[in-house]
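Below is one structure, written out as structure tokens; comments come after it.
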Amino acid sequence: MVKATQKTQTRTTRAANTGKTKKIEADVTPSRKSSGRMDAFADLSKAISGEELVPPTLLTGQARRLHVRSTLREDHAARIEQQAFGAQQKFMKLSDDFFKFFRGTALLFYRDMVGQDNHMPTVMALGDVHPKNFGVMPDRNGAPIFGVNDFDETIYAPFTWDIRRGAVGFWIAAGEIGGMKCKKRRKVIVRFVNGYLDAMQRYAERATEKNDDYRLDNSPKVIRRLFDQAWEHRREWLWDDYLKSSGRGFRADGELQPLSSEVKTFQKAVNNLARAKGFKRPDRAGELKVKDVCVRHGQGTASLGLPRYYVLIEGPSKDATDDLIIEFKRARASALTGLTPPSDFNAGTDAERIAHGQKVQLAHGDIFYGAVKIDGESYMSRERAPFRDDIDLDELSYNSWKDYAEICGAALAQAHALSDDLGQVDYDVEPSIVAAASPRKLFADDIVRFTTEAVDRLKRDHAFFREDHALGAFDSVDMVYR
């Protein structure tokens with residue numbers, strides 16, 4: 001059975017090189033490709049070592065263009081079929097901005113990594129590391145901390161997958177936003193890698209990862225500035241950005257669409273969240289009473305087009321000066337699902353996987369981060385806060401870029417180091433990673449070389465995508481007719 005699957009995959013991949021139709025079925029009714037390619041790539045991930053298969057990185061010309069087109073159609077199939085306005089917004093953003101193309105196409109990136117680093121230590125990986133996925137956010141008590149802040153792609157994977165994704169993200173951002181040439185970008189990448197390994201070495205020697213949060217009182221200068229910029233009084237934040245003049249609910253504008261008729265539905269969701277998380281009503285959340293609900297349009301990059309709701313919770317004062325906002329966002333499968341080296345680790349499904357990743361990687365994080373079902377669909381939840389913010393990359397000097405990359409590397413190391421404390425990893429992560437990344441200069445050089453090759457490939461992919469987008473390639477999904 002396994003051999004038959006591998007032979008089928010060989011024919012499928014080689015067919016992709018010729019650009020010919022590759023799937024024949026008895027049913028002639030058109031159907032959307034769904035699990036077929038996911039299963040095929042899962043098989044490819046398992047079989048890549050020692051098998052005569054052609055990984056996507058070796059595809060060129062029209063074959064690579066078709067691979068890019070098909071992967072992006074598949075990744076956005078539900079949004080395309082539902083004609084979600086956010087999906088077309090996203091494609092426009094990806095077309096106009098190379099850094100956003102990288103951020104919004106994680107599935108394409110990771111399909112190029114199938115089968116790599118099988119021998120490396122496994123961690124609870126973030127899955128989408130780049131300079132904009134670190135920031136200030138609320139901890140369990142509502143106080144601001146700095147760290148990794150986007151857990152949509154979390155999954156158990158080799159630690160190097162996060163390092164590789166992060167290095168590519170910093171390289172692209174440092175060039176596109178920071179205007180740096182290659183020599184300076186290399187130094188930024190090396191600082192990111194060394195920041196990670198220095199912190200991991202410290203955790204191997206002194207197991208302090210559970211208590212090493214970056215706070216306003218202990219953060220380096222570049223992050224302390226972010227804390228200062230992010231801070232805003234809750235009343236001004238609520239009334240300036242969200243509430244109508246009476247303060248009794250969400251206002252209607254181009255981003256917010258009030259949905260007051262759904263208060264009961266989301267009151268149930270909030271109650272279920274509190275029950276699932278096992279916490280009593282925090283003092284700052286009053287009675288956990290839902291005042292209003294709205295749909296939030298146009299937010300995010302990778303998640304554009306996915307349903308997203310804001311729920312207004314009445315604060316203790318009941319005068320709309322200390323209300324809370326809980327965000328509920330439709331969860332989706334991780335871009336890494338089926339692509340990581342085979343393992344027994346189980347991160348759960350949909351929102352449960354995301355909530356598990358946040359719980360592992362952010363030891364003192366937001367208590368409202370969780371997973372709930374709403375009308376039978378899986379949603380992740382988190383608190384919006386006046387100080388939830390990420391850094392303005394276009395304001396960083398060259399030295400600040402290096403400092404920021406080093407801090408992000410250290411924050412990522414802390415998240416990984418918690419895999420054997422709060423996650424499912426049953427061996428000592430820190431010394432294993434330190435050993436696997438030795439000798440360090442060779443490891444850093446390998447990451448830089450991988451980065452430059454991956455960026456060159458992404459540039460070609462972006463050109464293919466822009467051409468296809470202009471020709472209407474993403475107005476429909478791939479269909480199988482016979």
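Each chain in the structure tokens gets a letter, A, B, ..., in the order shown, and its residues are numbered from 1; ligands are numbered from 1 in order too.
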List as JSON lines every residue of segment 168-255 of chain A that is in contact with segment 145-157 of chain A, defined as an atom at most 8 Å from one of its atoms (using only C-alpha atoms), together with the nearest atom pair and the distance in Å rounded to one decimal, sorted by chain and then rising number.
```
{"residue": "A:Asp213", "atom": "CA", "partner": "A:Ile145", "partner_atom": "CA", "distance": 6.6}
{"residue": "A:Tyr214", "atom": "CA", "partner": "A:Phe146", "partner_atom": "CA", "distance": 5.2}
{"residue": "A:Arg215", "atom": "CA", "partner": "A:Ile145", "partner_atom": "CA", "distance": 4.9}
{"residue": "A:Leu216", "atom": "CA", "partner": "A:Ile145", "partner_atom": "CA", "distance": 7.4}
{"residue": "A:Ile223", "atom": "CA", "partner": "A:Phe146", "partner_atom": "CA", "distance": 7.8}
```
Could you write out that same residue set with C-alpha atoms as an mmCIF file, in the first residue's frame?
```cif
data_model
loop_
_atom_site.group_PDB
_atom_site.id
_atom_site.type_symbol
_atom_site.label_atom_id
_atom_site.label_comp_id
_atom_site.auth_asym_id
_atom_site.auth_seq_id
_atom_site.Cartn_x
_atom_site.Cartn_y
_atom_site.Cartn_z
ATOM 1 C CA ASP A 213 9.256 37.689 30.008
ATOM 2 C CA TYR A 214 10.217 40.966 28.372
ATOM 3 C CA ARG A 215 8.437 43.695 30.352
ATOM 4 C CA LEU A 216 8.656 47.483 30.412
ATOM 5 C CA ILE A 223 11.690 47.239 22.841
#
```
**Request:** Quick one: pick out all helix (DSSP H, G or I) residues within segment 60-219 of chain A from a backbone DSSP run and write them as a PyMOL selection string.
**Result:** chain A and resi 61-75+77-81+85-96+98-103+106-111+131-133+159-176+182-205+209-211
**Who sits within 9 Å of Phe192 of chain A, only C-alpha atoms, same chain under 4 positions skipped, as a ChimeraX atom specification** = /A:163,166-167,170,187-188,196-197,402-410
**Asked** What is the atom CA of Tyr242 of chain A-atom CA of Val263 of chain A distance in Å, reported with one decimal?
**Response**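 Pair atom CA of Tyr242 of chain A / atom CA of Val263 of chain A returns 16.6 Å.
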**Request:** Excluding segment 273-287 of chain A and any residue of its chain fewer than 3 positions from it, enumerate the residues within 9 Å of it, using only C-alpha atoms, and give them as a list in words.
**Result:** Asn141, Gly142, Lys268, Ala269, Val270, Val290, Ile313, Glu314, Gly315, Pro316, Ser317, Lys318, Asp322, Asp323, Leu324, Ile367, Phe368, Tyr369, Gly370, Ala371, Val372 and Ser381 of chain A
Keeping C-alpha atoms for every residue in the selection just given, could you write it to a file as a PDB file, in the first residue's frame?
```pdb
ATOM      1  CA  ASN A 141      -3.253  39.914  34.323  1.00  0.00           C
ATOM      2  CA  GLY A 142      -3.757  42.355  31.460  1.00  0.00           C
ATOM      3  CA  LYS A 268     -22.724  31.637  25.214  1.00  0.00           C
ATOM      4  CA  ALA A 269     -19.303  31.535  23.525  1.00  0.00           C
ATOM      5  CA  VAL A 270     -17.753  33.696  26.266  1.00  0.00           C
ATOM      6  CA  VAL A 290     -21.492  40.802  26.492  1.00  0.00           C
ATOM      7  CA  ILE A 313     -17.433  42.920  27.523  1.00  0.00           C
ATOM      8  CA  GLU A 314     -18.803  45.381  30.068  1.00  0.00           C
ATOM      9  CA  GLY A 315     -16.153  46.524  32.546  1.00  0.00           C
ATOM     10  CA  PRO A 316     -16.581  46.852  36.336  1.00  0.00           C
ATOM     11  CA  SER A 317     -17.421  50.571  36.215  1.00  0.00           C
ATOM     12  CA  LYS A 318     -20.238  50.041  33.688  1.00  0.00           C
ATOM     13  CA  ASP A 322     -12.921  50.047  31.150  1.00  0.00           C
ATOM     14  CA  ASP A 323     -14.729  47.623  28.823  1.00  0.00           C
ATOM     15  CA  LEU A 324     -12.819  44.669  27.339  1.00  0.00           C
ATOM     16  CA  ILE A 367      -6.136  34.198  29.764  1.00  0.00           C
ATOM     17  CA  PHE A 368      -8.731  34.794  27.061  1.00  0.00           C
ATOM     18  CA  TYR A 369      -6.644  32.920  24.482  1.00  0.00           C
ATOM     19  CA  GLY A 370      -8.639  29.774  23.820  1.00  0.00           C
ATOM     20  CA  ALA A 371     -10.788  27.640  21.528  1.00  0.00           C
ATOM     21  CA  VAL A 372     -14.577  27.600  21.248  1.00  0.00           C
ATOM     22  CA  SER A 381     -10.163  33.744  20.939  1.00  0.00           C
TER      23      SER A 381
END
```
**Message:** Give me the residues near His462 of chain A as a list of chain:residue names, where near means some atom within 8 Å (using only C-alpha atoms) and where sequence neighbours in that chain fewer than 4 positions away do not count.
**Reply:**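 My list of contacting residues is A:Ser95, A:Phe98, A:Phe101, A:Leu458, A:Arg466.
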Selection from above, C-alpha atoms, as a PDB file, in the first residue's frame, can you write it?
```pdb
ATOM      1  CA  SER A  95       0.508  41.397  -5.532  1.00  0.00           C
ATOM      2  CA  PHE A  98       6.799  41.303  -1.728  1.00  0.00           C
ATOM      3  CA  PHE A 101       3.477  37.992  -0.322  1.00  0.00           C
ATOM      4  CA  LEU A 458      10.193  33.606  -3.677  1.00  0.00           C
ATOM      5  CA  ARG A 466       1.453  38.805 -10.090  1.00  0.00           C
TER       6      ARG A 466
END
```
**Message:** Quick check, in Å to one decimal: how far apart do atom CA of Glu395 of chain A and atom CA of Lys221 of chain A lie?
**Reply:**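 Calculated distance between atom CA of Glu395 of chain A and atom CA of Lys221 of chain A is 13.9 Å.
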**Asked** Any idea what the distance is between atom CA of Arg248 of chain A and atom CA of Gln267 of chain A?
**Response**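 Between atom CA of Arg248 of chain A and atom CA of Gln267 of chain A the gap is 16.1 Å.
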**Request:** Could you check which of A:Leu306, A:Val448, A:Ala106, A:Ala42 is closest to Arg79 of chain A, using only C-alpha atoms?
**Result:** A:Leu306
**Prompt:** Residues at most 8 Å from His297 of chain A, counting only C-alpha atoms, excluding those fewer than 5 positions away in the same chain, as a list in words?
**Reply:** Gly86, Gly254, Glu255, Leu256, Gln257 and Arg308 of chain A
**Request:** List the neighbours of segment 327-338 of chain A out to 6 Å using only C-alpha atoms; skip same-chain residues closer than 2 positions along the sequence, and give me the result as a ChimeraX atom specification.
**Result:** /A:42,107,153,307-310,340,350-351,378-383
Written selection (N, CA and C atoms) as an mmCIF file, in the first residue's frame:
```cif
data_model
loop_
_atom_site.group_PDB
_atom_site.id
_atom_site.type_symbol
_atom_site.label_atom_id
_atom_site.label_comp_id
_atom_site.auth_asym_id
_atom_site.auth_seq_id
_atom_site.Cartn_x
_atom_site.Cartn_y
_atom_site.Cartn_z
ATOM 1 N N ALA A 42 1.766 15.288 2.148
ATOM 2 C CA ALA A 42 2.093 14.546 3.367
ATOM 3 C C ALA A 42 2.902 13.299 3.012
ATOM 4 N N LEU A 107 1.939 28.375 3.257
ATOM 5 C CA LEU A 107 1.797 27.019 2.718
ATOM 6 C C LEU A 107 2.776 26.800 1.573
ATOM 7 N N GLU A 153 -0.268 29.223 13.094
ATOM 8 C CA GLU A 153 0.381 28.104 12.407
ATOM 9 C C GLU A 153 1.090 27.145 13.358
ATOM 10 N N PRO A 307 -13.647 34.856 8.783
ATOM 11 C CA PRO A 307 -14.566 35.550 9.692
ATOM 12 C C PRO A 307 -13.874 35.938 10.993
ATOM 13 N N ARG A 308 -14.108 37.185 11.425
ATOM 14 C CA ARG A 308 -13.476 37.707 12.638
ATOM 15 C C ARG A 308 -14.495 38.602 13.345
ATOM 16 N N TYR A 309 -14.717 38.327 14.634
ATOM 17 C CA TYR A 309 -15.707 39.073 15.406
ATOM 18 C C TYR A 309 -15.054 39.715 16.619
ATOM 19 N N TYR A 310 -15.515 40.914 16.976
ATOM 20 C CA TYR A 310 -15.115 41.558 18.221
ATOM 21 C C TYR A 310 -16.313 41.543 19.160
ATOM 22 N N THR A 340 5.591 18.371 8.135
ATOM 23 C CA THR A 340 6.691 18.192 9.074
ATOM 24 C C THR A 340 7.118 16.723 9.120
ATOM 25 N N ASP A 350 -7.432 22.585 14.582
ATOM 26 C CA ASP A 350 -7.986 23.925 14.435
ATOM 27 C C ASP A 350 -7.687 24.805 15.652
ATOM 28 N N ALA A 351 -8.723 25.375 16.258
ATOM 29 C CA ALA A 351 -8.526 26.326 17.356
ATOM 30 C C ALA A 351 -7.853 25.684 18.564
ATOM 31 N N SER A 378 -15.051 26.143 14.371
ATOM 32 C CA SER A 378 -13.971 26.290 15.345
ATOM 33 C C SER A 378 -13.391 27.711 15.297
ATOM 34 N N TYR A 379 -13.361 28.369 16.446
ATOM 35 C CA TYR A 379 -12.828 29.729 16.549
ATOM 36 C C TYR A 379 -11.779 29.793 17.649
ATOM 37 N N MET A 380 -10.725 30.574 17.385
ATOM 38 C CA MET A 380 -9.781 30.898 18.440
ATOM 39 C C MET A 380 -10.168 32.252 19.020
ATOM 40 N N SER A 381 -9.805 32.498 20.269
ATOM 41 C CA SER A 381 -10.163 33.744 20.939
ATOM 42 C C SER A 381 -8.933 34.362 21.582
ATOM 43 N N ARG A 382 -8.956 35.678 21.725
ATOM 44 C CA ARG A 382 -7.897 36.391 22.434
ATOM 45 C C ARG A 382 -8.409 37.780 22.787
ATOM 46 N N GLU A 383 -7.722 38.420 23.725
ATOM 47 C CA GLU A 383 -8.123 39.764 24.121
ATOM 48 C C GLU A 383 -7.452 40.801 23.228
#
```
**Asked** Which one of A:His76, A:Arg140, A:Lys244, A:His416 sits closest to Leu126 of chain A if you count only C-alpha atoms?
**Response**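 Closest to Leu126 of chain A, using only C-alpha atoms: A:His416.
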**Item:** Nearest-residue call for Gln116 of chain A, choices A:Ala40, A:Val480, A:Ile189, A:Leu339, using only C-alpha atoms
**Value:**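 Among the listed residues, A:Leu339 lies closest to Gln116 of chain A.
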**Message:** I'd like to know which of A:Lys359, A:Arg449, A:Arg460, A:His130 is closest to Leu59 of chain A, using only C-alpha atoms.
**Reply:**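 Of the candidates, the smallest distance to Leu59 of chain A is held by A:Arg460.
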**Request:** From the DSSP assignment of the backbone, select every residue of segment 122-370 of chain A that is strand (DSSP E or B), and format the answer as a PyMOL selection string.
**Result:** chain A and resi 122-125+134-139+144-148+155-158+214+243+250+256-258+290-296+308-313+324-330+365+370
